Each structure stands twice: as C-alpha cells, then as structure tokens.
>>> print(open('work.tsv').read())   # TSV, C-alpha atoms
chain	number	residue	atom	x	y	z
A	1	MET	CA	5.69	-0.34	3.68
A	2	ASN	CA	4.37	-1.16	7.10
A	3	THR	CA	4.77	0.55	10.39
A	4	SER	CA	7.50	-1.51	12.00
A	5	LEU	CA	9.87	-3.26	9.61
A	6	ILE	CA	12.84	-5.45	10.27
A	7	ARG	CA	16.21	-3.85	10.74
A	8	PRO	CA	17.73	-5.50	7.64
A	9	LEU	CA	14.87	-4.22	5.54
A	10	LEU	CA	15.27	-0.71	6.89
A	11	VAL	CA	19.01	-0.79	6.23
A	12	ALA	CA	18.46	-1.93	2.65
A	13	LEU	CA	15.87	0.74	2.01
A	14	VAL	CA	17.94	3.49	3.58
A	15	ILE	CA	20.90	2.56	1.38
A	16	VAL	CA	18.71	2.86	-1.70
A	17	ALA	CA	17.12	6.07	-0.42
A	18	THR	CA	20.39	7.82	0.36
A	19	THR	CA	22.50	6.65	-2.55
A	20	GLY	CA	19.88	6.57	-5.27
A	21	CYS	CA	21.08	3.08	-6.19
A	22	VAL	CA	18.56	0.82	-7.90
A	23	HIS	CA	19.33	-2.81	-8.61
A	24	LEU	CA	18.49	-3.83	-12.17
A	25	THR	CA	18.50	-7.14	-13.94
A	26	LEU	CA	20.92	-6.34	-16.72
A	27	THR	CA	19.65	-9.13	-18.95
A	28	ASP	CA	16.22	-7.55	-19.26
A	29	PRO	CA	15.69	-6.01	-22.71
A	30	VAL	CA	15.53	-2.22	-22.74
A	31	ALA	CA	12.75	-0.68	-24.80
A	32	THR	CA	13.81	1.96	-27.35
A	33	ASN	CA	12.54	3.72	-30.48
A	34	LEU	CA	8.91	3.98	-29.47
A	35	THR	CA	6.67	5.45	-32.17
A	36	LYS	CA	3.40	5.74	-30.28
A	37	PRO	CA	2.31	5.37	-26.66
A	38	ILE	CA	1.88	1.83	-25.38
A	39	ILE	CA	-1.61	1.08	-24.11
A	40	ILE	CA	-1.33	-0.07	-20.51
A	41	LYS	CA	-4.07	-2.24	-19.08
A	42	VAL	CA	-2.95	-2.54	-15.46
A	43	VAL	CA	-0.28	-0.76	-13.44
A	44	VAL	CA	0.93	-2.78	-10.45
A	45	VAL	CA	2.23	-0.34	-7.86
A	46	ASN	CA	4.74	-1.70	-5.35
A	47	MET	CA	6.67	0.39	-2.88
A	48	PHE	CA	10.00	-1.36	-2.26
A	49	GLU	CA	12.36	-4.12	-3.27
A	50	LEU	CA	15.08	-5.55	-1.06
A	51	GLY	CA	17.97	-6.42	-3.33
A	52	GLU	CA	17.81	-7.56	-6.92
A	53	ASP	CA	14.54	-7.53	-8.80
A	54	GLN	CA	14.58	-11.30	-9.10
A	55	GLY	CA	16.40	-14.35	-7.84
A	56	ASP	CA	17.03	-13.36	-4.21
A	57	THR	CA	15.02	-12.51	-1.10
A	58	ALA	CA	11.82	-10.91	-2.33
A	59	GLY	CA	10.48	-7.48	-1.55
A	60	GLU	CA	7.13	-6.29	-2.84
A	61	PHE	CA	8.09	-6.21	-6.53
A	62	GLN	CA	9.93	-9.48	-7.09
A	63	LEU	CA	6.99	-11.90	-7.16
A	64	TRP	CA	5.18	-9.67	-9.62
A	65	LYS	CA	8.18	-9.33	-11.90
A	66	GLU	CA	8.88	-13.05	-11.98
A	67	ARG	CA	5.36	-14.44	-12.14
A	68	GLN	CA	3.82	-11.79	-14.40
A	69	GLN	CA	6.87	-11.92	-16.69
A	70	LEU	CA	7.56	-8.20	-16.50
A	71	ASN	CA	10.73	-8.50	-18.53
A	72	ARG	CA	10.89	-5.45	-20.76
A	73	ARG	CA	12.70	-2.68	-18.93
A	74	TYR	CA	11.98	1.02	-19.45
A	75	PRO	CA	14.58	3.34	-17.92
A	76	PHE	CA	12.93	5.70	-15.44
A	77	PRO	CA	15.68	7.97	-14.06
A	78	GLN	CA	13.17	10.62	-13.01
A	79	SER	CA	12.01	8.35	-10.21
A	80	HIS	CA	13.07	5.63	-7.78
A	81	HIS	CA	13.17	2.51	-9.94
A	82	ASP	CA	12.96	1.52	-13.59
A	83	LEU	CA	9.64	0.34	-15.03
A	84	PHE	CA	8.99	-3.20	-16.26
A	85	LEU	CA	6.36	-4.29	-18.78
A	86	ASN	CA	4.92	-7.48	-20.10
A	87	PRO	CA	4.25	-6.35	-23.68
A	88	GLU	CA	1.94	-9.30	-24.32
A	89	THR	CA	-0.43	-8.60	-21.42
A	90	GLY	CA	-0.07	-4.83	-21.06
A	91	VAL	CA	0.79	-5.10	-17.35
A	92	LEU	CA	3.27	-2.47	-16.17
A	93	GLY	CA	5.14	-2.86	-12.88
A	94	MET	CA	6.59	0.02	-10.89
A	95	VAL	CA	8.34	0.55	-7.55
A	96	THR	CA	7.61	3.99	-6.12
A	97	GLY	CA	10.03	4.09	-3.22
A	98	MET	CA	9.09	4.50	0.41
A	99	GLY	CA	6.90	7.33	1.68
A	100	THR	CA	4.18	9.60	0.31
A	101	ASN	CA	6.74	11.99	-1.15
A	102	ARG	CA	8.18	9.28	-3.37
A	103	SER	CA	4.91	7.59	-4.21
A	104	SER	CA	3.31	10.86	-5.32
A	105	SER	CA	6.28	11.86	-7.46
A	106	ALA	CA	6.61	8.40	-9.01
A	107	ILE	CA	2.93	8.18	-9.93
A	108	MET	CA	2.97	11.68	-11.39
A	109	ALA	CA	6.12	10.90	-13.37
A	110	VAL	CA	4.73	7.73	-14.93
A	111	GLY	CA	1.38	9.40	-15.54
A	112	LEU	CA	3.05	12.10	-17.61
A	113	ASP	CA	5.45	9.74	-19.39
A	114	PRO	CA	4.79	10.01	-23.15
A	115	ARG	CA	5.82	6.38	-23.69
A	116	PHE	CA	2.59	5.10	-22.13
A	117	ASP	CA	-1.14	5.55	-22.62
A	118	LEU	CA	-2.59	5.18	-19.12
A	119	SER	CA	-5.96	6.75	-19.81
A	120	LYS	CA	-7.82	3.43	-19.39
A	121	ALA	CA	-5.38	1.67	-17.08
A	122	TYR	CA	-6.39	0.12	-13.79
A	123	TRP	CA	-4.05	0.79	-10.89
A	124	LEU	CA	-3.41	-1.82	-8.23
A	125	VAL	CA	-1.41	-0.86	-5.15
A	126	ALA	CA	-0.20	-4.16	-3.66
A	127	GLY	CA	1.97	-3.90	-0.58
A	128	ILE	CA	2.60	-5.02	2.97
A	129	SER	CA	1.60	-3.08	6.07
A	130	GLY	CA	1.01	-3.16	9.79
A	131	PHE	CA	-2.46	-4.38	10.83
A	132	ASP	CA	-4.54	-3.59	13.86
A	133	PRO	CA	-4.91	-6.98	15.61
A	134	GLU	CA	-8.51	-6.07	16.39
A	135	ASP	CA	-9.22	-6.61	12.70
A	136	GLY	CA	-6.95	-9.22	11.16
A	137	SER	CA	-4.08	-11.66	11.42
A	138	ILE	CA	-0.59	-11.82	9.94
A	139	GLY	CA	-0.85	-12.76	6.26
A	140	SER	CA	-4.38	-11.41	6.00
A	141	ALA	CA	-5.37	-8.82	3.40
A	142	ALA	CA	-7.60	-5.75	3.28
A	143	TRP	CA	-9.10	-3.96	0.29
A	144	ALA	CA	-9.31	-0.27	1.20
A	145	GLU	CA	-12.06	2.16	0.31
A	146	TRP	CA	-10.70	5.04	2.40
A	147	LEU	CA	-7.11	6.30	2.42
A	148	ILE	CA	-6.44	8.70	5.27
A	149	ASP	CA	-3.29	10.79	5.59
A	150	GLY	CA	-1.49	10.68	8.92
A	151	ASP	CA	0.86	13.61	8.33
A	152	LEU	CA	-1.24	16.67	7.51
A	153	GLY	CA	-2.07	18.40	10.76
A	154	HIS	CA	-0.94	20.58	13.64
A	155	GLU	CA	1.11	19.05	16.44
A	156	ILE	CA	2.42	20.05	19.85
A	157	ASP	CA	4.55	17.94	22.13
A	158	ALA	CA	2.57	15.66	24.47
A	159	ARG	CA	4.38	17.17	27.48
A	160	GLU	CA	2.76	20.51	26.69
A	161	LEU	CA	-0.82	19.34	26.18
A	162	PRO	CA	-3.71	21.23	27.72
A	163	GLU	CA	-5.28	19.11	30.44
A	164	ASP	CA	-8.46	18.45	28.48
A	165	TRP	CA	-6.70	17.32	25.26
A	166	GLU	CA	-6.22	13.62	24.53
A	167	THR	CA	-3.66	14.19	21.77
A	168	GLY	CA	-1.33	16.88	20.52
A	169	PHE	CA	-2.03	16.07	16.86
A	170	PHE	CA	-5.07	17.82	15.45
A	171	PRO	CA	-6.42	18.96	12.07
A	172	LEU	CA	-5.05	21.91	10.16
A	173	PHE	CA	-7.16	25.05	10.52
A	174	SER	CA	-8.71	23.84	13.76
A	175	LYS	CA	-8.30	24.77	17.40
A	176	GLY	CA	-7.91	21.36	18.94
A	177	PRO	CA	-8.41	17.61	18.54
A	178	TYR	CA	-11.39	16.29	16.60
A	179	PRO	CA	-13.49	19.45	16.20
A	180	GLN	CA	-17.14	18.75	15.47
A	181	GLN	CA	-16.96	21.01	12.43
A	182	ARG	CA	-14.38	19.35	10.19
A	183	PRO	CA	-11.96	21.69	8.42
A	184	PRO	CA	-11.80	21.54	4.62
A	185	ASN	CA	-10.21	18.39	3.24
A	186	GLN	CA	-6.70	19.42	2.17
A	187	GLY	CA	-5.68	15.90	1.22
A	188	GLU	CA	-6.36	14.24	4.55
A	189	ALA	CA	-8.93	11.84	3.06
A	190	PHE	CA	-9.30	10.06	-0.27
A	191	ARG	CA	-12.23	7.80	-1.02
A	192	LEU	CA	-11.68	5.19	-3.69
A	193	ASN	CA	-14.39	3.97	-6.02
A	194	PRO	CA	-16.53	1.98	-3.54
A	195	GLU	CA	-18.09	-0.20	-6.22
A	196	LEU	CA	-14.70	-1.18	-7.67
A	197	THR	CA	-13.40	-1.93	-4.17
A	198	GLU	CA	-16.42	-4.10	-3.49
A	199	TRP	CA	-15.98	-5.91	-6.80
A	200	ALA	CA	-12.31	-6.63	-6.05
A	201	TYR	CA	-13.22	-7.92	-2.59
A	202	GLN	CA	-16.04	-10.14	-3.81
A	203	PHE	CA	-13.93	-11.46	-6.68
A	204	THR	CA	-11.02	-12.44	-4.40
A	205	LYS	CA	-12.52	-13.08	-0.96
A	206	ASP	CA	-12.33	-16.88	-1.28
A	207	THR	CA	-8.71	-16.95	-2.47
A	208	LYS	CA	-6.76	-19.67	-0.67
A	209	LEU	CA	-3.94	-18.09	1.33
A	210	SER	CA	-0.79	-19.63	2.73
A	211	ASP	CA	-0.04	-20.13	6.41
A	212	ASP	CA	2.93	-21.48	8.36
A	213	ASP	CA	3.65	-22.85	11.81
A	214	HIS	CA	5.92	-20.00	12.87
A	215	VAL	CA	3.28	-17.36	12.12
A	216	ALA	CA	0.60	-19.51	13.77
A	217	ALA	CA	2.68	-19.67	16.96
A	218	GLU	CA	3.22	-15.92	16.91
A	219	ARG	CA	-0.44	-15.05	16.46
A	220	ALA	CA	-1.46	-17.40	19.27
A	221	ARG	CA	0.27	-15.02	21.66
A	222	PHE	CA	-2.33	-12.33	20.88
A	223	SER	CA	-4.94	-14.16	22.92
A	224	GLU	CA	-7.03	-11.06	23.65
A	225	PHE	CA	-7.58	-10.44	19.93
A	226	PRO	CA	-9.76	-13.14	18.32
A	227	MET	CA	-9.29	-11.79	14.78
A	228	ALA	CA	-5.51	-11.80	15.18
A	229	GLN	CA	-5.55	-15.53	15.90
A	230	LYS	CA	-7.37	-16.52	12.73
A	231	LYS	CA	-5.65	-18.04	9.73
A	232	PRO	CA	-4.97	-15.47	6.99
A	233	PHE	CA	-8.17	-14.18	5.42
A	234	ILE	CA	-9.43	-11.38	3.18
A	235	MET	CA	-11.53	-8.40	4.25
A	236	LYS	CA	-12.36	-4.82	3.46
A	237	GLY	CA	-10.59	-2.28	5.65
A	238	ASP	CA	-9.09	1.15	5.39
A	239	ASN	CA	-5.57	2.51	5.31
A	240	LEU	CA	-3.72	5.20	7.23
A	241	ALA	CA	-0.71	6.55	5.34
A	242	GLY	CA	2.08	8.51	6.97
A	243	MET	CA	5.79	9.16	6.65
A	244	THR	CA	6.54	8.13	10.24
A	245	PHE	CA	7.09	4.56	11.42
A	246	TRP	CA	4.85	4.37	14.46
A	247	HIS	CA	4.10	1.52	16.84
A	248	GLY	CA	2.18	1.06	20.07
A	249	ARG	CA	-1.27	0.94	21.63
A	250	TYR	CA	-1.64	4.69	22.07
A	251	MET	CA	-0.71	5.35	18.46
A	252	ASN	CA	-3.03	2.56	17.38
A	253	ASP	CA	-5.91	4.16	19.28
A	254	TRP	CA	-5.11	7.48	17.57
A	255	ALA	CA	-5.07	5.80	14.15
A	256	ASN	CA	-8.53	4.35	14.70
A	257	LYS	CA	-9.92	7.73	15.76
A	258	TRP	CA	-8.14	9.67	12.99
A	259	VAL	CA	-9.49	7.38	10.25
A	260	ALA	CA	-12.99	7.47	11.70
A	261	TYR	CA	-12.84	11.26	11.99
A	262	TRP	CA	-11.74	12.02	8.43
A	263	SER	CA	-14.01	9.38	6.88
A	264	GLU	CA	-16.95	10.79	8.87
A	265	GLY	CA	-17.43	7.43	10.54
A	266	LYS	CA	-17.65	5.54	7.26
A	267	GLY	CA	-14.14	4.10	7.30
A	268	SER	CA	-12.45	1.72	9.71
A	269	PHE	CA	-8.70	1.65	10.32
A	270	VAL	CA	-7.11	-1.70	9.51
A	271	SER	CA	-3.74	-1.13	7.83
A	272	SER	CA	-0.90	1.32	8.35
A	273	ALA	CA	1.54	2.09	5.56
A	274	MET	CA	3.50	5.02	4.18
A	275	GLU	CA	2.51	5.74	0.60
A	276	ASP	CA	-1.12	5.44	-0.42
A	277	THR	CA	-2.39	9.00	0.01
A	278	GLY	CA	0.53	10.19	-2.10
A	279	THR	CA	-0.43	7.74	-4.83
A	280	ALA	CA	-4.07	8.79	-4.66
A	281	GLN	CA	-3.25	12.51	-4.76
A	282	SER	CA	-1.23	12.19	-7.95
A	283	LEU	CA	-3.84	10.02	-9.63
A	284	PHE	CA	-6.50	12.56	-8.67
A	285	TYR	CA	-4.53	15.28	-10.46
A	286	LEU	CA	-3.73	13.02	-13.43
A	287	ASP	CA	-7.43	12.29	-13.76
A	288	ARG	CA	-8.14	16.03	-14.02
A	289	ALA	CA	-5.53	16.24	-16.77
A	290	GLY	CA	-7.08	13.35	-18.70
A	291	LYS	CA	-4.02	11.17	-18.20
A	292	ALA	CA	-5.50	8.56	-15.86
A	293	ASP	CA	-8.78	7.46	-14.32
A	294	TYR	CA	-8.93	7.86	-10.54
A	295	GLN	CA	-12.01	5.63	-10.46
A	296	ARG	CA	-9.82	2.70	-11.50
A	297	LEU	CA	-7.54	2.79	-8.46
A	298	MET	CA	-7.53	-0.18	-6.06
A	299	VAL	CA	-5.48	-0.56	-2.87
A	300	LEU	CA	-4.66	-3.95	-1.38
A	301	ARG	CA	-2.61	-4.14	1.80
A	302	THR	CA	-1.50	-7.31	3.56
A	303	ALA	CA	-0.38	-7.80	7.16
A	304	SER	CA	3.30	-8.41	7.75
A	305	ASN	CA	3.14	-7.34	11.41
A	306	PHE	CA	0.89	-5.76	14.00
A	307	THR	CA	0.70	-2.11	14.95
A	308	ILE	CA	0.81	-2.84	18.69
A	309	PRO	CA	3.48	-4.57	20.80
A	310	ASN	CA	3.82	-8.29	21.15
A	311	PRO	CA	2.36	-9.41	24.49
A	312	GLY	CA	4.74	-8.83	27.37
A	313	LEU	CA	6.83	-6.23	25.54
A	314	SER	CA	6.84	-2.46	25.62
A	315	ALA	CA	6.30	-0.56	22.37
A	316	ALA	CA	10.04	0.10	22.11
A	317	GLU	CA	11.00	-3.48	22.90
A	318	SER	CA	8.47	-4.82	20.39
A	319	LEU	CA	9.64	-2.54	17.61
A	320	ILE	CA	13.29	-3.43	18.20
A	321	ALA	CA	12.56	-7.15	18.55
A	322	GLU	CA	10.96	-7.25	15.13
A	323	GLY	CA	14.37	-6.42	13.72
A	324	GLU	CA	15.54	-9.80	14.99
A	325	ASP	CA	12.62	-12.01	14.00
A	326	TYR	CA	10.11	-10.80	11.44
A	327	ALA	CA	8.00	-13.83	10.65
A	328	GLY	CA	5.25	-12.28	8.55
A	329	LEU	CA	7.11	-10.72	5.62
A	330	GLY	CA	7.11	-13.68	3.23
A	331	LEU	CA	3.54	-14.63	4.06
A	332	ALA	CA	2.29	-11.08	3.48
A	333	LEU	CA	4.11	-10.82	0.14
A	334	GLU	CA	2.62	-14.11	-1.03
A	335	SER	CA	-0.89	-13.04	0.02
A	336	ALA	CA	-0.56	-9.76	-1.87
A	337	TYR	CA	0.42	-11.58	-5.03
A	338	ARG	CA	-2.14	-14.39	-4.80
A	339	ILE	CA	-5.02	-11.97	-4.27
A	340	GLY	CA	-3.87	-9.11	-6.46
A	341	SER	CA	-2.89	-11.30	-9.41
A	342	ARG	CA	-6.43	-12.65	-9.62
A	343	VAL	CA	-7.67	-9.13	-10.25
A	344	VAL	CA	-4.86	-8.35	-12.70
A	345	ASP	CA	-5.40	-11.55	-14.67
A	346	GLU	CA	-9.15	-10.99	-14.85
A	347	LEU	CA	-8.73	-7.44	-16.14
A	348	VAL	CA	-6.24	-8.54	-18.78
A	349	GLN	CA	-8.30	-11.50	-19.94
A	350	GLY	CA	-11.48	-9.45	-20.07
A	351	TRP	CA	-9.90	-6.33	-21.56
A	352	ALA	CA	-12.27	-6.29	-24.52
A	353	VAL	CA	-14.96	-5.38	-21.98
A	354	TYR	CA	-12.99	-3.77	-19.16
A	355	GLU	CA	-11.23	-1.22	-21.32
A	356	THR	CA	-14.43	0.80	-21.53
A	357	THR	CA	-16.64	-0.78	-18.87
A	358	LEU	CA	-15.75	-1.09	-15.21
A	359	PRO	CA	-16.04	-4.67	-13.92
A	360	TYR	CA	-19.02	-4.09	-11.68
A	361	GLU	CA	-20.90	-2.51	-14.59
A	362	SER	CA	-20.43	-5.52	-16.87
A	363	ASN	CA	-22.55	-8.00	-14.94
>>> encode(input="work.tsv", output="structure tokens")
Amino acid sequence: MNTSLIRPLLVALVIVATTGCVHLTLTDPVATNLTKPIIIKVVVVNMFELGEDQGDTAGEFQLWKERQQLNRRYPFPQSHHDLFLNPETGVLGMVTGMGTNRSSSAIMAVGLDPRFDLSKAYWLVAGISGFDPEDGSIGSAAWAEWLIDGDLGHEIDARELPEDWETGFFPLFSKGPYPQQRPPNQGEAFRLNPELTEWAYQFTKDTKLSDDDHVAAERARFSEFPMAQKKPFIMKGDNLAGMTFWHGRYMNDWANKWVAYWSEGKGSFVSSAMEDTGTAQSLFYLDRAGKADYQRLMVLRTASNFTIPNPGLSAAESLIAEGEDYAGLGLALESAYRIGSRVVDELVQGWAVYETTLPYESN
C-alpha cells in the first residue's frame, strides 16, 4: 500500500481489516488430500484487494490471479486471504493484508505451511506505493535493494523538541537524531540480494509501460520536479516501510534522510509503503530455518501517487483531495503486472536452471 490512498480504498480495506471478511471466488477449485508438499517456483506477494478477486475493480492481486491463471484455491484461515496456485506453472499468489504486522505474519504462516515446499521459491513483492517526485512519475516502477523500517525508533512530540533537534523521531538506543555511531540494527534495515535486484532491473528496464492523458495532465502540475513529469519508466530505488500513512514535504525530507542513514548512504528513498520490512523479516527467519531462501526475494513498487502535496495544496488538503480523484491507481497496478510478470515468466520457463542457479549466475 502507498502513503496516501483514496477514501474508497481505505474504507474497503478497513472493512476487511475489522471484520476479517475475505472475498473468494467460490467457483475456484479447493485443493484437498495432499500427499506431499507442492514445489513452488515463485510466490507473488500482493498486499491488498479491493472487492472480489476477479471480475471487478482491481486491487493488487486481481491482475495476477486472472492473467497468471491462479485458479486453485488453498484455504488459509491463519492469515488474511486464501492462497491461489497455478499448478501447471508452480506460481503461488498471496495477499498479506495491509501493514508490516500482517505481512510478517502472512509470510511466516505460508513459509511454515506443510502443503508447500518453498525452499527454492523466488519471492516477488509487487505492489503500489507513494513515490518521491524527485525520483519518478506516476506509473513508474522501482526495484528496491534496501528496505528501511519507518516505525522502529524513539519519538517525542514536535512541540517538545530541543532547539537543536530537527526531528523528534530518532533511533532506538540513541540520544538524539542521526547519531554518528549507528545503534545496532534491530530490524531497521534489510538489504536484498543486490545482484538479483540488478538482474531484475536489467531484465525489465525496457518494458513498455502504459500512460494516459489524465495522469499526464496531473504530472504536468509538478513543474519543479523534472522526473515527476516523465512518462512512466523503470528504475532502481529503495523503499521505506511503515504502519502510518504519512504525506507532506517535511515527512518526505525525513524519509530521504532516514533511508540514507540506515543504509549508510548506499540507499536512496524512492517509494513509501507499509509492508516490506515485515515481509523481509519473516523471510530472514524462514531462511535460518531452511524453509525459504532470503537471497531470492525481490521487491517491486510502482507509483500510484506522490508523497508530497499537489501544487497549491497543503499536505492535509492534498491527502483529502486524493480521496476524490486518484488517477494513478490503475496505471500503477498495470505497471506492476507488466514488469513483474516478465520476471515470473522467465523464472518459470527457465526453472530447469533457476531452481538451483540464481539468474545472474547462469549467464
């Protein structure tokens, strides 16, 4: 999920979150009587769906379910949403739910599920997000190498800040913002396999992406941001994950500094979402248990909106206005599928090699 979603989307997600209701396609066959674990080649990790899993307005999962023919349903009551498999390709689709708490529990639950052998599976997180307009445009996509957590830390109210502090949010086990000596990493930073990230980027960077007139008109308003005015494109850029929907220039400045701080200057903030450090944490633990391979995790985020206000609006006005006109959702979903499916299809088609050899090692 991104940092400033439309009001209808929020309402739909809150209903699911508070009632535990999950919409299922009742015609999908339900798998039973398994005798041995199913070998999974790729797990596609989405974070939300709007209504039904197919046939209506799409959330993150619907395009994957329909186009990858994920038609065999596996009940998954221990988490947010049932699992769906294409038994011919070995692609498994899951919807974690919104937030790092749900993503971490969902990934751990599927990783320990005896129905599946995930020891050689590749994991593709494919979801929408808010982008920094300094880096990209609506509909653009970023492959992340660094996932930085935006929740772990100390915080005091801004009205009580010492005069020489620029922010009231600072690292755990420190005495103020951005200490030169970084505290131990308690889950604030996860680095993905840089060679796999680079392979995914190089493999997909020339993918043709959609555009539309409405989005083009919206991005033209961001005249002080050259990258925000470009047609959708593909880049490498890092992700900040946090449980709070934030929006505004001051928060955006903090996000850039926080990502740079915890990546020791190696990462660059591009996308803001709510789940990816939770996903990475669980996969890290599952790797230690021999249930999954952390080195096979990829994160692709696409821009459905910007993390700063539309020109001429305050942060509050901009956030509220997006509930009335959210032009980038469909474009971002399509970009995520077009780019991500190229990686998925390649891994499936080349499984004879990729099961034991990572793609960048096979050339």
>>> residues_around(input="work.tsv", residues="segment 202-210 of chain A", least_positions_apart="5", cutoff="7 Å", atoms="all atoms listed in the file", output="short mmCIF file (atom, residue, chain, number, x, y, z; two decimals) with C-alpha atoms, in the frame of the given file")
data_model
loop_
_atom_site.label_atom_id
_atom_site.label_comp_id
_atom_site.auth_asym_id
_atom_site.auth_seq_id
_atom_site.Cartn_x
_atom_site.Cartn_y
_atom_site.Cartn_z
CA PRO A 232 -4.97 -15.47 6.99
CA ILE A 234 -9.43 -11.38 3.18
CA LEU A 331 3.54 -14.63 4.06
CA SER A 335 -0.89 -13.04 0.02
CA ILE A 339 -5.02 -11.97 -4.27
CA ARG A 342 -6.43 -12.65 -9.62
#
>>> atom_distance(input="work.tsv", atom1="atom CA of Gly51 of chain A", atom2="atom CA of Gly139 of chain A")
22.1 Å
>>> closest_residue(input="work.tsv", among="A:Lys175, A:Gln78, A:Phe131, A:Asp164", to="Arg301 of chain A", atoms="only C-alpha atoms")
A:Phe131
>>> residues_near_point(input="work.tsv", point="(-14.1, 7.1, 4.4)", cutoff="10 Å", atoms="all atoms listed in the file", output="PDB file with C-alpha atoms, keeping the file's coordinate frame")
ATOM      1  CA  ALA A 144      -9.310  -0.270   1.200  1.00  0.00           C
ATOM      2  CA  GLU A 145     -12.060   2.160   0.310  1.00  0.00           C
ATOM      3  CA  TRP A 146     -10.700   5.040   2.400  1.00  0.00           C
ATOM      4  CA  LEU A 147      -7.110   6.300   2.420  1.00  0.00           C
ATOM      5  CA  ILE A 148      -6.440   8.700   5.270  1.00  0.00           C
ATOM      6  CA  ALA A 189      -8.930  11.840   3.060  1.00  0.00           C
ATOM      7  CA  PHE A 190      -9.300  10.060  -0.270  1.00  0.00           C
ATOM      8  CA  ARG A 191     -12.230   7.800  -1.020  1.00  0.00           C
ATOM      9  CA  LEU A 192     -11.680   5.190  -3.690  1.00  0.00           C
ATOM     10  CA  PRO A 194     -16.530   1.980  -3.540  1.00  0.00           C
ATOM     11  CA  ASP A 238      -9.090   1.150   5.390  1.00  0.00           C
ATOM     12  CA  ASN A 239      -5.570   2.510   5.310  1.00  0.00           C
ATOM     13  CA  VAL A 259      -9.490   7.380  10.250  1.00  0.00           C
ATOM     14  CA  ALA A 260     -12.990   7.470  11.700  1.00  0.00           C
ATOM     15  CA  TYR A 261     -12.840  11.260  11.990  1.00  0.00           C
ATOM     16  CA  TRP A 262     -11.740  12.020   8.430  1.00  0.00           C
ATOM     17  CA  SER A 263     -14.010   9.380   6.880  1.00  0.00           C
ATOM     18  CA  GLU A 264     -16.950  10.790   8.870  1.00  0.00           C
ATOM     19  CA  GLY A 265     -17.430   7.430  10.540  1.00  0.00           C
ATOM     20  CA  LYS A 266     -17.650   5.540   7.260  1.00  0.00           C
ATOM     21  CA  GLY A 267     -14.140   4.100   7.300  1.00  0.00           C
ATOM     22  CA  SER A 268     -12.450   1.720   9.710  1.00  0.00           C
ATOM     23  CA  PHE A 269      -8.700   1.650  10.320  1.00  0.00           C
TER      24      PHE A 269
END
>>> residues_near_point(input="work.tsv", point="(-4.6, 1.2, -1.3)", cutoff="10 Å", atoms="all atoms listed in the file", output="PyMOL selection string")
chain A and resi 45+123-127+142-147+192+197+237-241+271+273+275-277+279-280+297-301
>>> residues_around(input="work.tsv", residues="Ile40 of chain A", least_positions_apart="5", cutoff="9 Å", atoms="all atoms listed in the file", output="MDAnalysis selection string")
chainID A and resid 85 87 89:92 116:122
>>> closest_residue(input="work.tsv", among="A:Ser104, A:Asn252, A:Ser272, A:Ser314", to="Phe284 of chain A", atoms="only C-alpha atoms")
A:Ser104
>>> atom_distance(input="work.tsv", atom1="atom CA of Leu319 of chain A", atom2="atom CA of Trp246 of chain A")
9.0 Å
>>> closest_residue(input="work.tsv", among="A:Lys236, A:Arg219, A:Arg182, A:His154", to="Tyr201 of chain A", atoms="all atoms listed in the file")
A:Lys236
>>> atom_distance(input="work.tsv", atom1="atom CA of Pro77 of chain A", atom2="atom CA of Lys291 of chain A")
20.4 Å
>>> build_atoms(input="work.tsv", residues="segment 331-345 of chain A", atoms="N, CA and C atoms", output="PDB file, keeping the file's coordinate frame")
ATOM      1  N   LEU A 331       4.953 -14.283   4.130  1.00  0.00           N
ATOM      2  CA  LEU A 331       3.540 -14.630   4.060  1.00  0.00           C
ATOM      3  C   LEU A 331       2.713 -13.470   3.505  1.00  0.00           C
ATOM      4  N   ALA A 332       3.011 -12.265   3.956  1.00  0.00           N
ATOM      5  CA  ALA A 332       2.290 -11.080   3.480  1.00  0.00           C
ATOM      6  C   ALA A 332       2.540 -10.823   2.001  1.00  0.00           C
ATOM      7  N   LEU A 333       3.788 -11.007   1.555  1.00  0.00           N
ATOM      8  CA  LEU A 333       4.110 -10.820   0.140  1.00  0.00           C
ATOM      9  C   LEU A 333       3.357 -11.827  -0.724  1.00  0.00           C
ATOM     10  N   GLU A 334       3.317 -13.073  -0.271  1.00  0.00           N
ATOM     11  CA  GLU A 334       2.620 -14.110  -1.030  1.00  0.00           C
ATOM     12  C   GLU A 334       1.118 -13.826  -1.084  1.00  0.00           C
ATOM     13  N   SER A 335       0.535 -13.381   0.016  1.00  0.00           N
ATOM     14  CA  SER A 335      -0.890 -13.040   0.020  1.00  0.00           C
ATOM     15  C   SER A 335      -1.191 -11.913  -0.958  1.00  0.00           C
ATOM     16  N   ALA A 336      -0.346 -10.890  -0.961  1.00  0.00           N
ATOM     17  CA  ALA A 336      -0.560  -9.760  -1.870  1.00  0.00           C
ATOM     18  C   ALA A 336      -0.552 -10.216  -3.314  1.00  0.00           C
ATOM     19  N   TYR A 337       0.373 -11.119  -3.648  1.00  0.00           N
ATOM     20  CA  TYR A 337       0.420 -11.580  -5.030  1.00  0.00           C
ATOM     21  C   TYR A 337      -0.768 -12.493  -5.363  1.00  0.00           C
ATOM     22  N   ARG A 338      -1.052 -13.450  -4.504  1.00  0.00           N
ATOM     23  CA  ARG A 338      -2.140 -14.390  -4.800  1.00  0.00           C
ATOM     24  C   ARG A 338      -3.463 -13.659  -5.021  1.00  0.00           C
ATOM     25  N   ILE A 339      -3.738 -12.692  -4.171  1.00  0.00           N
ATOM     26  CA  ILE A 339      -5.020 -11.970  -4.270  1.00  0.00           C
ATOM     27  C   ILE A 339      -4.977 -10.980  -5.428  1.00  0.00           C
ATOM     28  N   GLY A 340      -3.943 -10.162  -5.452  1.00  0.00           N
ATOM     29  CA  GLY A 340      -3.870  -9.110  -6.460  1.00  0.00           C
ATOM     30  C   GLY A 340      -3.772  -9.647  -7.871  1.00  0.00           C
ATOM     31  N   SER A 341      -3.061 -10.757  -8.062  1.00  0.00           N
ATOM     32  CA  SER A 341      -2.890 -11.300  -9.410  1.00  0.00           C
ATOM     33  C   SER A 341      -4.200 -11.819  -9.974  1.00  0.00           C
ATOM     34  N   ARG A 342      -5.113 -12.232  -9.118  1.00  0.00           N
ATOM     35  CA  ARG A 342      -6.430 -12.650  -9.620  1.00  0.00           C
ATOM     36  C   ARG A 342      -7.150 -11.481 -10.278  1.00  0.00           C
ATOM     37  N   VAL A 343      -7.057 -10.325  -9.672  1.00  0.00           N
ATOM     38  CA  VAL A 343      -7.670  -9.130 -10.250  1.00  0.00           C
ATOM     39  C   VAL A 343      -6.967  -8.737 -11.542  1.00  0.00           C
ATOM     40  N   VAL A 344      -5.636  -8.725 -11.507  1.00  0.00           N
ATOM     41  CA  VAL A 344      -4.860  -8.350 -12.700  1.00  0.00           C
ATOM     42  C   VAL A 344      -5.184  -9.282 -13.860  1.00  0.00           C
ATOM     43  N   ASP A 345      -5.150 -10.586 -13.604  1.00  0.00           N
ATOM     44  CA  ASP A 345      -5.400 -11.550 -14.670  1.00  0.00           C
ATOM     45  C   ASP A 345      -6.807 -11.408 -15.240  1.00  0.00           C
TER      46      ASP A 345
END
